[in-house]
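input_8.tsv, holding TSV, C-alpha atoms and all ligand atoms:
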```tsv
chain	number	residue	atom	x	y	z
A	1	MET	CA	92.05	123.61	-85.02
A	2	MET	CA	94.28	123.34	-88.06
A	3	THR	CA	96.87	126.02	-88.57
A	4	PHE	CA	98.73	126.98	-91.69
A	5	SER	CA	101.73	128.99	-92.61
A	6	GLU	CA	103.23	130.11	-95.87
A	7	GLY	CA	105.43	127.03	-96.05
A	8	ASP	CA	102.69	124.41	-95.73
A	9	ALA	CA	102.02	123.92	-99.39
A	10	PRO	CA	104.39	121.38	-100.90
A	11	GLY	CA	103.35	122.21	-104.46
A	12	GLY	CA	101.55	124.94	-106.32
A	13	LEU	CA	97.90	124.84	-107.23
A	14	LEU	CA	97.81	126.99	-110.35
A	15	GLU	CA	99.39	125.82	-113.60
A	16	PRO	CA	101.62	128.22	-115.52
A	17	GLY	CA	99.35	130.29	-117.75
A	18	GLU	CA	96.29	130.05	-115.54
A	19	PRO	CA	94.86	133.38	-114.35
A	20	PRO	CA	96.36	134.65	-111.09
A	21	ALA	CA	94.25	134.48	-107.92
A	22	VAL	CA	93.36	138.16	-107.91
A	23	GLU	CA	92.13	140.74	-110.38
A	24	ARG	CA	92.68	144.41	-109.57
A	25	VAL	CA	90.78	147.06	-111.50
A	26	PRO	CA	92.43	150.38	-110.64
A	27	GLY	CA	90.36	153.41	-109.74
A	28	THR	CA	91.21	157.04	-109.09
A	29	SER	CA	89.21	157.76	-105.94
A	30	GLY	CA	90.63	156.98	-102.51
A	31	GLN	CA	87.18	157.38	-100.95
A	32	TRP	CA	86.17	153.77	-101.56
A	33	LEU	CA	87.54	150.27	-101.97
A	34	ILE	CA	85.29	147.63	-103.52
A	35	VAL	CA	85.89	143.88	-103.17
A	36	CYS	CA	84.12	140.84	-104.59
A	37	ASP	CA	84.84	137.55	-102.80
A	38	HIS	CA	82.66	135.25	-104.88
A	39	ALA	CA	83.14	136.77	-108.32
A	40	SER	CA	84.06	133.70	-110.33
A	41	PRO	CA	83.03	130.06	-110.87
A	42	CYS	CA	86.53	129.09	-112.15
A	43	VAL	CA	88.30	126.06	-110.72
A	44	PRO	CA	92.06	125.50	-111.18
A	45	VAL	CA	92.78	122.91	-113.89
A	46	ARG	CA	94.51	120.61	-111.41
A	47	LEU	CA	91.28	120.22	-109.43
A	48	SER	CA	89.30	118.84	-112.42
A	49	HIS	CA	86.16	120.92	-111.79
A	50	LEU	CA	86.08	119.45	-108.26
A	51	GLY	CA	84.16	116.55	-109.82
A	52	LEU	CA	81.22	118.82	-110.72
A	53	SER	CA	79.72	119.60	-114.13
A	54	GLU	CA	80.16	123.02	-115.74
A	55	SER	CA	76.45	123.64	-115.25
A	56	GLU	CA	76.65	122.86	-111.52
A	57	LEU	CA	79.63	125.18	-111.14
A	58	SER	CA	77.81	127.97	-112.95
A	59	THR	CA	74.97	127.99	-110.37
A	60	HIS	CA	74.93	129.98	-107.14
A	61	ILE	CA	76.94	127.28	-105.37
A	62	GLY	CA	79.98	128.05	-107.58
A	63	HIS	CA	79.86	131.84	-107.42
A	64	ASP	CA	77.70	134.89	-106.74
A	65	ILE	CA	75.84	135.21	-110.04
A	66	GLY	CA	75.98	138.79	-111.33
A	67	ALA	CA	78.10	140.08	-108.44
A	68	ALA	CA	81.23	140.71	-110.53
A	69	ALA	CA	79.23	142.72	-113.08
A	70	VAL	CA	77.58	144.74	-110.31
A	71	ALA	CA	80.95	145.37	-108.65
A	72	ARG	CA	82.56	146.48	-111.93
A	73	ARG	CA	79.78	148.95	-112.61
A	74	LEU	CA	79.80	150.23	-109.05
A	75	ALA	CA	83.58	150.71	-109.24
A	76	LYS	CA	83.18	152.67	-112.44
A	77	ARG	CA	80.45	154.90	-110.96
A	78	LEU	CA	82.47	155.59	-107.80
A	79	SER	CA	85.86	155.73	-109.60
A	80	ALA	CA	86.92	153.15	-107.01
A	81	THR	CA	89.57	150.47	-107.14
A	82	LEU	CA	88.04	147.00	-107.29
A	83	ILE	CA	89.62	143.73	-106.13
A	84	LEU	CA	88.04	140.46	-107.29
A	85	SER	CA	88.80	136.86	-106.44
A	86	ARG	CA	89.28	134.87	-109.64
A	87	TYR	CA	88.40	131.39	-108.36
A	88	SER	CA	85.29	129.66	-107.11
A	89	ARG	CA	84.12	129.81	-103.52
A	90	LEU	CA	84.00	126.01	-103.68
A	91	VAL	CA	87.78	125.83	-104.08
A	92	ILE	CA	88.25	128.02	-101.00
A	93	ASP	CA	85.68	130.46	-99.69
A	94	CYS	CA	87.52	133.77	-99.32
A	95	ASN	CA	84.80	134.98	-96.92
A	96	ARG	CA	85.43	132.25	-94.35
A	97	TYR	CA	88.30	131.69	-91.94
A	98	PRO	CA	90.27	128.86	-93.56
A	99	SER	CA	90.11	126.97	-90.27
A	100	ASP	CA	86.30	126.78	-90.74
A	101	PRO	CA	85.36	123.41	-92.33
A	102	LYS	CA	82.90	125.32	-94.53
A	103	ALA	CA	85.82	127.13	-96.18
A	104	ILE	CA	86.15	124.02	-98.39
A	105	PRO	CA	82.59	122.68	-98.34
A	106	GLU	CA	81.95	119.00	-98.97
A	107	VAL	CA	78.29	119.80	-99.62
A	108	SER	CA	76.83	123.07	-100.88
A	109	ASP	CA	73.05	123.67	-100.96
A	110	GLY	CA	72.48	119.91	-101.05
A	111	ILE	CA	75.03	119.21	-103.80
A	112	ARG	CA	77.98	117.00	-102.89
A	113	VAL	CA	81.34	118.37	-104.06
A	114	PRO	CA	83.47	115.27	-104.80
A	115	GLY	CA	86.75	117.20	-105.08
A	116	ASN	CA	86.29	118.53	-101.54
A	117	CYS	CA	85.81	115.15	-99.88
A	118	ARG	CA	88.01	115.03	-96.76
A	119	PRO	CA	90.78	117.32	-98.07
A	120	SER	CA	94.19	116.70	-96.51
A	121	ASN	CA	95.97	119.34	-94.46
A	122	GLU	CA	98.35	119.77	-97.40
A	123	GLU	CA	95.45	120.38	-99.77
A	124	TYR	CA	93.99	122.98	-97.40
A	125	GLY	CA	97.38	124.68	-97.21
A	126	ARG	CA	97.77	124.63	-100.99
A	127	ARG	CA	94.44	126.36	-101.56
A	128	VAL	CA	95.02	128.88	-98.78
A	129	ASP	CA	98.46	129.82	-100.10
A	130	ALA	CA	97.52	129.89	-103.79
A	131	LEU	CA	94.17	131.70	-103.60
A	132	PHE	CA	93.08	132.94	-100.17
A	133	ARG	CA	96.25	134.69	-99.05
A	134	PRO	CA	97.01	136.51	-102.33
A	135	TYR	CA	93.44	137.84	-102.50
A	136	HIS	CA	93.47	139.13	-98.94
A	137	ARG	CA	97.01	140.45	-99.24
A	138	ALA	CA	95.91	142.47	-102.26
A	139	ILE	CA	93.03	143.98	-100.27
A	140	ALA	CA	95.24	144.69	-97.26
A	141	SER	CA	97.95	146.39	-99.28
A	142	GLU	CA	95.34	148.48	-101.10
A	143	LEU	CA	93.92	149.65	-97.77
A	144	ASP	CA	97.43	150.26	-96.39
A	145	GLU	CA	98.16	152.48	-99.36
A	146	LEU	CA	94.84	154.37	-99.18
A	147	MET	CA	95.28	154.97	-95.44
A	148	ARG	CA	99.01	155.71	-95.53
A	149	THR	CA	98.38	159.41	-96.07
A	150	GLY	CA	95.41	159.64	-93.74
A	151	GLY	CA	92.65	158.50	-96.07
A	152	ILE	CA	89.63	156.69	-94.64
A	153	PRO	CA	88.08	154.65	-97.46
A	154	VAL	CA	84.59	153.20	-97.21
A	155	PHE	CA	85.00	149.43	-97.61
A	156	ILE	CA	82.35	147.96	-99.93
A	157	SER	CA	81.91	144.18	-100.20
A	158	VAL	CA	79.61	143.07	-103.05
A	159	HIS	CA	77.71	139.76	-102.99
A	160	SER	CA	74.63	138.31	-104.60
A	161	CYS	CA	72.19	135.75	-103.21
A	162	THR	CA	69.94	133.13	-104.67
A	163	PRO	CA	66.29	134.26	-104.84
A	164	SER	CA	65.05	131.28	-102.85
A	165	LEU	CA	66.70	128.94	-100.40
A	166	ASP	CA	65.16	125.81	-98.86
A	167	GLY	CA	61.89	126.64	-100.62
A	168	GLN	CA	61.73	130.12	-99.06
A	169	TRP	CA	61.38	133.09	-101.43
A	170	ARG	CA	63.56	136.08	-100.58
A	171	PRO	CA	61.73	139.33	-101.25
A	172	TRP	CA	64.69	141.67	-100.71
A	173	GLU	CA	66.05	143.24	-103.90
A	174	ILE	CA	69.10	144.60	-102.10
A	175	GLY	CA	70.14	143.45	-98.63
A	176	PHE	CA	72.65	144.97	-96.23
A	177	SER	CA	74.60	142.91	-93.70
A	178	TRP	CA	75.87	144.75	-90.67
A	179	SER	CA	76.83	144.10	-87.08
A	180	ALA	CA	76.86	147.00	-84.59
A	181	ASP	CA	78.25	149.71	-86.87
A	182	GLN	CA	75.28	151.14	-88.80
A	183	ARG	CA	76.71	154.46	-89.90
A	184	THR	CA	76.78	153.52	-93.59
A	185	CYS	CA	73.94	151.00	-93.86
A	186	ALA	CA	71.25	152.88	-91.94
A	187	PRO	CA	71.10	155.94	-94.24
A	188	LEU	CA	71.35	153.78	-97.38
A	189	ILE	CA	68.57	151.46	-96.19
A	190	SER	CA	66.42	154.50	-95.51
A	191	ASP	CA	67.18	156.16	-98.87
A	192	LEU	CA	66.53	152.96	-100.86
A	193	ALA	CA	63.29	152.20	-99.00
A	194	LYS	CA	62.06	155.73	-99.72
A	195	ALA	CA	62.77	155.08	-103.41
A	196	GLY	CA	60.49	152.02	-103.30
A	197	ILE	CA	63.22	149.37	-103.23
A	198	VAL	CA	62.53	146.28	-101.10
A	199	VAL	CA	65.58	146.48	-98.84
A	200	GLY	CA	66.88	143.82	-96.49
A	201	ASP	CA	68.01	145.16	-93.12
A	202	ASN	CA	70.32	142.34	-92.06
A	203	GLU	CA	68.35	140.16	-94.47
A	204	PRO	CA	68.90	137.68	-95.96
A	205	TYR	CA	72.11	137.68	-93.89
A	206	SER	CA	73.57	139.63	-91.02
A	207	LEU	CA	77.28	140.30	-90.74
A	208	ASP	CA	78.48	137.35	-88.74
A	209	LEU	CA	81.63	138.20	-86.77
A	210	GLY	CA	83.86	135.17	-86.27
A	211	VAL	CA	82.33	133.53	-89.37
A	212	ASP	CA	82.42	136.14	-92.15
A	213	PHE	CA	86.04	136.95	-92.91
A	214	THR	CA	86.40	139.80	-95.38
A	215	THR	CA	84.47	142.73	-93.90
A	216	PRO	CA	85.32	141.98	-90.25
A	217	GLU	CA	89.03	141.37	-90.87
A	218	HIS	CA	89.65	144.24	-93.27
A	219	ALA	CA	87.10	146.90	-92.32
A	220	LEU	CA	86.10	146.33	-88.69
A	221	ARG	CA	89.62	145.59	-87.54
A	222	ARG	CA	90.74	148.92	-88.99
A	223	GLY	CA	87.63	150.76	-87.80
A	224	LEU	CA	86.62	151.65	-91.36
A	225	PRO	CA	83.09	152.52	-92.46
A	226	HIS	CA	81.78	149.58	-94.46
A	227	ILE	CA	78.96	148.35	-96.66
A	228	GLN	CA	78.36	144.62	-97.17
A	229	VAL	CA	75.63	144.23	-99.72
A	230	GLU	CA	73.69	141.38	-101.36
A	231	PHE	CA	71.85	141.74	-104.67
A	232	ARG	CA	69.17	139.18	-105.54
A	233	GLN	CA	70.49	137.05	-108.37
A	234	ASP	CA	67.41	137.03	-110.56
A	235	LEU	CA	67.74	140.83	-110.81
A	236	VAL	CA	71.45	140.98	-111.64
A	237	ARG	CA	71.86	137.82	-113.74
A	238	SER	CA	71.94	139.82	-117.02
A	239	GLN	CA	74.53	142.49	-117.76
A	240	ILE	CA	71.78	145.10	-118.10
A	241	GLY	CA	70.20	144.08	-114.80
A	242	ALA	CA	73.56	144.13	-113.03
A	243	GLU	CA	74.32	147.63	-114.29
A	244	GLN	CA	70.86	148.96	-113.44
A	245	TRP	CA	71.01	147.66	-109.89
A	246	ALA	CA	74.58	148.84	-109.42
A	247	ASP	CA	73.39	152.28	-110.49
A	248	VAL	CA	70.54	152.17	-107.98
A	249	LEU	CA	73.06	151.69	-105.17
A	250	ALA	CA	75.72	153.99	-106.67
A	251	ASP	CA	73.23	156.89	-106.80
A	252	LYS	CA	72.44	156.51	-103.11
A	253	ILE	CA	76.09	156.07	-102.08
A	254	LEU	CA	77.12	159.16	-104.04
A	255	GLY	CA	74.19	161.05	-102.53
A	256	ARG	CA	75.67	160.38	-99.09
A	257	ALA	CA	79.35	160.86	-99.99
A	258	GLY	CA	80.93	163.33	-97.64
A	259	THR	CA	78.77	162.32	-94.66
A	260	PRO	CA	81.08	163.08	-91.68
A	261	GLU	CA	80.44	159.65	-90.07
A	262	TRP	CA	81.70	158.02	-93.27
A	263	GLN	CA	85.06	159.75	-92.86
A	264	THR	CA	86.04	158.62	-89.39
A	265	VAL	CA	87.72	155.59	-87.92
A	266	GLN	CA	85.54	153.87	-85.32
A	267	HIS	CA	87.12	150.80	-83.81
A	268	PRO	CA	84.76	148.10	-82.58
A	269	THR	CA	84.08	147.98	-78.87
A	270	GLY	CA	82.49	145.53	-76.43
A	271	TRP	CA	81.44	142.11	-77.72
A	272	GLN	CA	82.46	142.93	-81.30
A	273	ARG	CA	86.02	143.58	-80.21
A	274	GLU	CA	86.02	140.42	-78.11
A	275	VAL	CA	84.86	138.29	-81.05
A	276	LEU	CA	87.53	139.79	-83.30
A	277	GLU	CA	90.18	139.20	-80.66
A	278	ARG	CA	89.18	135.53	-80.47
A	279	ALA	CA	89.36	135.07	-84.27
A	280	PRO	CA	92.31	133.02	-85.58
A	281	ALA	CA	95.27	135.37	-85.69
A	282	GLU	CA	97.29	133.55	-88.35
A	283	PHE	CA	95.06	134.94	-91.11
A	284	ARG	CA	95.27	138.58	-90.10
A	285	LEU	CA	96.44	140.70	-92.97
A	286	ASP	CA	96.27	144.26	-91.67
A	287	ALA	CA	99.17	146.63	-91.87
A	288	SER	CA	101.10	144.95	-89.07
A	289	HIS	CA	100.80	141.49	-90.63
A	290	ALA	CA	101.01	142.24	-94.35
B	301	ZN	ZN	78.92	135.96	-101.73
```
Show me, as structure tokens, the structure contained in the file I just sent.
Ligand SMILES: [Zn+2]
Amino acid sequence: MMTFSEGDAPGGLLEPGEPPAVERVPGTSGQWLIVCDHASPCVPVRLSHLGLSESELSTHIGHDIGAAAVARRLAKRLSATLILSRYSRLVIDCNRYPSDPKAIPEVSDGIRVPGNCRPSNEEYGRRVDALFRPYHRAIASELDELMRTGGIPVFISVHSCTPSLDGQWRPWEIGFSWSADQRTCAPLISDLAKAGIVVGDNEPYSLDLGVDFTTPEHALRRGLPHIQVEFRQDLVRSQIGAEQWADVLADKILGRAGTPEWQTVQHPTGWQREVLERAPAEFRLDASHA
């Protein structure tokens, strides 16, 4: 397994004047923190589009189409602070452990990514230091601050998914990904289903401990209530669609705000704790490692 430290990168990745790795949209409520891992299709200038065309980068392989717009609207509705990654998941996937070869994929949904062909250890380190670490440090310090005075924010991770994969249509309009902790997802799934929404219960994805990075490392490790949600991209591709679907979820979240189970710390137990304990420690960014 490759390991990295802060000093591994011999040179920077971002040119002066390029946007920083992280965007923070401040909110006034400490009840929530919203994050968006796959918000942007941007590639640093030095990586020359990773050898892909603009149109390839703008598809679902480059980013979660509509997710940033959904997250912005949701943040506004909840008065929550929002943290977004500003660079493409193809440069480094902020929702994967960097030691996972899929963190810098050579192929994504059948499309070869020339700029990711056999990256050197130095190149891995450069991308981790320039993009991955600043994004996760920003999330960790936000949570540290919210929890410093006893707050217990609900951690909300916003994604979107392609409507069909490998020829299979995905019927779910909104999907929730969870592991063993259902205290937030179960009531939302029930409320949305009652409203006639086609809801995915661990569809199209479950929360995959040891593979997914963001929700397990930031929320589960701290015992925070959490919501990892996928919106189907054909529904949120337009600004209007993104705002409408963000409102659908915001209404249900606000309807459940104040639920006692959403205001307690519940640390993972059993196999969940074991999987987290086995995860690579060098990427931990909780209070003790920030
Ligand atoms: Zn995503």
**Atom-to-atom span, CA of Ala242 (chain A) and CA of Leu33 (chain A), Å** =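 Going from CA of Ala242 (chain A) over to CA of Leu33 (chain A), I get 18.9 Å.
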Against ligand ZN 301 (chain B), which residues of chain A fall within 8 Å? For each one I want the closest pair of atoms and the distance in Å (one decimal), counting all atoms listed in the file, rows by chain and increasing residue number, as CSV.
```
residue,atom,partner,partner_atom,distance
A:Cys36,CA,B:ZN301,ZN,7.7
A:Asp37,CA,B:ZN301,ZN,6.2
A:His38,CA,B:ZN301,ZN,4.9
A:Ala39,CA,B:ZN301,ZN,7.9
A:His63,CA,B:ZN301,ZN,7.1
A:Asp64,CA,B:ZN301,ZN,5.3
A:Ala67,CA,B:ZN301,ZN,7.9
A:Asn95,CA,B:ZN301,ZN,7.7
A:Val158,CA,B:ZN301,ZN,7.3
A:His159,CA,B:ZN301,ZN,4.2
A:Ser160,CA,B:ZN301,ZN,5.7
A:Cys161,CA,B:ZN301,ZN,6.9
A:Glu230,CA,B:ZN301,ZN,7.5
```
Let's have the selection written as a PDB file, in the frame of the given file, with C-alpha atoms.
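part-v8.pdb, written as the output of this step:
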```
ATOM      1  CA  CYS A  36      84.120 140.840-104.590  1.00  0.00           C
ATOM      2  CA  ASP A  37      84.840 137.550-102.800  1.00  0.00           C
ATOM      3  CA  HIS A  38      82.660 135.250-104.880  1.00  0.00           C
ATOM      4  CA  ALA A  39      83.140 136.770-108.320  1.00  0.00           C
ATOM      5  CA  HIS A  63      79.860 131.840-107.420  1.00  0.00           C
ATOM      6  CA  ASP A  64      77.700 134.890-106.740  1.00  0.00           C
ATOM      7  CA  ALA A  67      78.100 140.080-108.440  1.00  0.00           C
ATOM      8  CA  ASN A  95      84.800 134.980 -96.920  1.00  0.00           C
ATOM      9  CA  VAL A 158      79.610 143.070-103.050  1.00  0.00           C
ATOM     10  CA  HIS A 159      77.710 139.760-102.990  1.00  0.00           C
ATOM     11  CA  SER A 160      74.630 138.310-104.600  1.00  0.00           C
ATOM     12  CA  CYS A 161      72.190 135.750-103.210  1.00  0.00           C
ATOM     13  CA  GLU A 230      73.690 141.380-101.360  1.00  0.00           C
TER      14      GLU A 230
END
```
**Request:** Have a look at A:Trp32, A:Phe155, A:Tyr124, A:Tyr87 and name the one nearest to Leu220 (chain A); count only C-alpha atoms.
**Result:**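 For Leu220 (chain A), the nearest of the candidates is A:Phe155.
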**Asked** Looking at A:Glu261, A:Glu15, A:Glu123, A:Asp234, which one is nearest to Cys185 (chain A), with distances taken over all atoms listed in the file?
**Response**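 The closest residue to Cys185 (chain A) is A:Glu261.
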Can you sort out the box for region 192-208 of chain A, edges along x, y and z, all listed atoms in, 5 Å on every side, with centre and edge lengths in Å to one decimal, as AutoDock Vina command-line options?
```
--center_x 69.5 --center_y 146.5 --center_z -96.1 --size_x 28.0 --size_y 28.4 --size_z 24.7
```
**Asked** Hey, can you check how far CA of Phe231 (chain A) sits from CA of Val35 (chain A)?
**Response**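 Interatomic distance, CA of Phe231 (chain A) to CA of Val35 (chain A): 14.3 Å.
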Distance table requested - region 71-187 of chain A against region 194-199 of chain A, cut-off 12 Å, only C-alpha atoms: one row per qualifying residue with the closest atom pair and its distance in Å to one decimal, ordered by chain and rising residue number, as JSON lines.
```
{"residue": "A:Arg170", "atom": "CA", "partner": "A:Val198", "partner_atom": "CA", "distance": 10.3}
{"residue": "A:Pro171", "atom": "CA", "partner": "A:Val198", "partner_atom": "CA", "distance": 7.0}
{"residue": "A:Trp172", "atom": "CA", "partner": "A:Val198", "partner_atom": "CA", "distance": 5.1}
{"residue": "A:Glu173", "atom": "CA", "partner": "A:Val198", "partner_atom": "CA", "distance": 5.4}
{"residue": "A:Ile174", "atom": "CA", "partner": "A:Val199", "partner_atom": "CA", "distance": 5.2}
{"residue": "A:Gly175", "atom": "CA", "partner": "A:Val199", "partner_atom": "CA", "distance": 5.5}
{"residue": "A:Phe176", "atom": "CA", "partner": "A:Val199", "partner_atom": "CA", "distance": 7.7}
{"residue": "A:Ser177", "atom": "CA", "partner": "A:Val199", "partner_atom": "CA", "distance": 11.0}
{"residue": "A:Cys185", "atom": "CA", "partner": "A:Val199", "partner_atom": "CA", "distance": 10.7}
{"residue": "A:Ala186", "atom": "CA", "partner": "A:Val199", "partner_atom": "CA", "distance": 11.0}
{"residue": "A:Pro187", "atom": "CA", "partner": "A:Lys194", "partner_atom": "CA", "distance": 10.6}
```
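Using all atoms listed in the file, the shortest contact distance between Ser85 (chain A) and any of A:Pro98, A:Ala21, A:Ala130, A:Gly51 is found at A:Ala21.
Comparing A:Leu78, A:Glu122, A:Val154, A:Pro204 by their smallest distance to Leu13 (chain A), the closest is A:Glu122 (using all atoms listed in the file).
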**Fill in**
Of A:Trp169, A:Trp178, A:Tyr205, A:Trp245, the one nearest to Ala71 (chain A) when counting all atoms listed in the file is A:Trp245
**Request:** With all atoms listed in the file counted, which protein, DNA or RNA residues have an atom no more than 10 Å from (81.8, 129.0, -114.3) in the file frame? Please answer as a ChimeraX atom specification.
**Result:** /A:39-43,49,53-60,62-63,65,87-88
**Request:** Would you work out the distance separating CA of Lys102 (chain A) from CA of Val211 (chain A), expressed in Å to one decimal?
**Result:** 9.7 Å
**Asked** Pick from A:Leu84, A:Asp208, A:Gln168, A:Ser99: nearest to Gly125 (chain A), with all atoms listed in the file counted?
**Response**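 Checking each of A:Leu84, A:Asp208, A:Gln168, A:Ser99 against Gly125 (chain A), counting all atoms listed in the file, the winner is A:Ser99.
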**Message:** Would you pick out the contacts of Gly30 (chain A) at 7 Å or less, using all atoms listed in the file, so that residues sharing its chain but fewer than 4 positions from it are not included, and give the list as a list in words?
**Reply:**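 Answer for this query is Ala80, Leu146, Gly151 and Pro153 of chain A.
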Would you save the residues of that selection, restricted to C-alpha atoms, as a PDB file, in the frame of the given file?
```pdb
ATOM      1  CA  ALA A  80      86.920 153.150-107.010  1.00  0.00           C
ATOM      2  CA  LEU A 146      94.840 154.370 -99.180  1.00  0.00           C
ATOM      3  CA  GLY A 151      92.650 158.500 -96.070  1.00  0.00           C
ATOM      4  CA  PRO A 153      88.080 154.650 -97.460  1.00  0.00           C
TER       5      PRO A 153
END
```
With N, CA and C atoms as the target, complete region 132-156 of chain A and hand it back as a PDB file, keeping the file's coordinate frame.
```
ATOM      1  N   PHE A 132      93.593 132.124-101.282  1.00  0.00           N
ATOM      2  CA  PHE A 132      93.080 132.940-100.170  1.00  0.00           C
ATOM      3  C   PHE A 132      94.047 134.054 -99.792  1.00  0.00           C
ATOM      4  N   ARG A 133      95.294 133.678 -99.529  1.00  0.00           N
ATOM      5  CA  ARG A 133      96.250 134.690 -99.050  1.00  0.00           C
ATOM      6  C   ARG A 133      96.528 135.773-100.088  1.00  0.00           C
ATOM      7  N   PRO A 134      96.747 135.427-101.367  1.00  0.00           N
ATOM      8  CA  PRO A 134      97.010 136.510-102.330  1.00  0.00           C
ATOM      9  C   PRO A 134      95.847 137.492-102.449  1.00  0.00           C
ATOM     10  N   TYR A 135      94.613 136.970-102.404  1.00  0.00           N
ATOM     11  CA  TYR A 135      93.440 137.840-102.500  1.00  0.00           C
ATOM     12  C   TYR A 135      93.402 138.803-101.300  1.00  0.00           C
ATOM     13  N   HIS A 136      93.559 138.269-100.114  1.00  0.00           N
ATOM     14  CA  HIS A 136      93.470 139.130 -98.940  1.00  0.00           C
ATOM     15  C   HIS A 136      94.688 140.027 -98.781  1.00  0.00           C
ATOM     16  N   ARG A 137      95.834 139.564 -99.250  1.00  0.00           N
ATOM     17  CA  ARG A 137      97.010 140.450 -99.240  1.00  0.00           C
ATOM     18  C   ARG A 137      96.788 141.639-100.163  1.00  0.00           C
ATOM     19  N   ALA A 138      96.166 141.382-101.307  1.00  0.00           N
ATOM     20  CA  ALA A 138      95.910 142.470-102.260  1.00  0.00           C
ATOM     21  C   ALA A 138      94.975 143.511-101.631  1.00  0.00           C
ATOM     22  N   ILE A 139      93.952 143.040-100.924  1.00  0.00           N
ATOM     23  CA  ILE A 139      93.030 143.980-100.270  1.00  0.00           C
ATOM     24  C   ILE A 139      93.766 144.759 -99.179  1.00  0.00           C
ATOM     25  N   ALA A 140      94.541 144.038 -98.372  1.00  0.00           N
ATOM     26  CA  ALA A 140      95.240 144.690 -97.260  1.00  0.00           C
ATOM     27  C   ALA A 140      96.224 145.732 -97.764  1.00  0.00           C
ATOM     28  N   SER A 141      96.953 145.409 -98.833  1.00  0.00           N
ATOM     29  CA  SER A 141      97.950 146.390 -99.280  1.00  0.00           C
ATOM     30  C   SER A 141      97.261 147.586 -99.927  1.00  0.00           C
ATOM     31  N   GLU A 142      96.109 147.362-100.541  1.00  0.00           N
ATOM     32  CA  GLU A 142      95.340 148.480-101.100  1.00  0.00           C
ATOM     33  C   GLU A 142      94.891 149.420 -99.966  1.00  0.00           C
ATOM     34  N   LEU A 143      94.374 148.829 -98.899  1.00  0.00           N
ATOM     35  CA  LEU A 143      93.920 149.650 -97.770  1.00  0.00           C
ATOM     36  C   LEU A 143      95.101 150.355 -97.102  1.00  0.00           C
ATOM     37  N   ASP A 144      96.225 149.632 -96.959  1.00  0.00           N
ATOM     38  CA  ASP A 144      97.430 150.260 -96.390  1.00  0.00           C
ATOM     39  C   ASP A 144      97.781 151.516 -97.177  1.00  0.00           C
ATOM     40  N   GLU A 145      97.753 151.381 -98.493  1.00  0.00           N
ATOM     41  CA  GLU A 145      98.160 152.480 -99.360  1.00  0.00           C
ATOM     42  C   GLU A 145      97.165 153.651 -99.254  1.00  0.00           C
ATOM     43  N   LEU A 146      95.859 153.301 -99.260  1.00  0.00           N
ATOM     44  CA  LEU A 146      94.840 154.370 -99.180  1.00  0.00           C
ATOM     45  C   LEU A 146      94.913 155.097 -97.836  1.00  0.00           C
ATOM     46  N   MET A 147      95.291 154.373 -96.779  1.00  0.00           N
ATOM     47  CA  MET A 147      95.280 154.970 -95.440  1.00  0.00           C
ATOM     48  C   MET A 147      96.636 155.569 -95.059  1.00  0.00           C
ATOM     49  N   ARG A 148      97.644 155.290 -95.860  1.00  0.00           N
ATOM     50  CA  ARG A 148      99.010 155.710 -95.530  1.00  0.00           C
ATOM     51  C   ARG A 148      99.089 157.231 -95.333  1.00  0.00           C
ATOM     52  N   THR A 149      98.333 157.952 -96.150  1.00  0.00           N
ATOM     53  CA  THR A 149      98.380 159.410 -96.070  1.00  0.00           C
ATOM     54  C   THR A 149      97.138 159.972 -95.376  1.00  0.00           C
ATOM     55  N   GLY A 150      96.523 159.138 -94.546  1.00  0.00           N
ATOM     56  CA  GLY A 150      95.410 159.640 -93.740  1.00  0.00           C
ATOM     57  C   GLY A 150      94.038 159.435 -94.334  1.00  0.00           C
ATOM     58  N   GLY A 151      93.951 158.758 -95.469  1.00  0.00           N
ATOM     59  CA  GLY A 151      92.650 158.500 -96.070  1.00  0.00           C
ATOM     60  C   GLY A 151      91.836 157.501 -95.254  1.00  0.00           C
ATOM     61  N   ILE A 152      90.520 157.635 -95.322  1.00  0.00           N
ATOM     62  CA  ILE A 152      89.630 156.690 -94.640  1.00  0.00           C
ATOM     63  C   ILE A 152      88.614 156.185 -95.662  1.00  0.00           C
ATOM     64  N   PRO A 153      88.992 155.148 -96.416  1.00  0.00           N
ATOM     65  CA  PRO A 153      88.080 154.650 -97.460  1.00  0.00           C
ATOM     66  C   PRO A 153      86.885 153.925 -96.863  1.00  0.00           C
ATOM     67  N   VAL A 154      85.747 154.037 -97.545  1.00  0.00           N
ATOM     68  CA  VAL A 154      84.590 153.200 -97.210  1.00  0.00           C
ATOM     69  C   VAL A 154      84.801 151.851 -97.899  1.00  0.00           C
ATOM     70  N   PHE A 155      84.745 150.790 -97.114  1.00  0.00           N
ATOM     71  CA  PHE A 155      85.000 149.430 -97.610  1.00  0.00           C
ATOM     72  C   PHE A 155      83.667 148.843 -98.089  1.00  0.00           C
ATOM     73  N   ILE A 156      83.615 148.447 -99.360  1.00  0.00           N
ATOM     74  CA  ILE A 156      82.350 147.960 -99.930  1.00  0.00           C
ATOM     75  C   ILE A 156      82.543 146.526-100.426  1.00  0.00           C
TER      76      ILE A 156
END
```
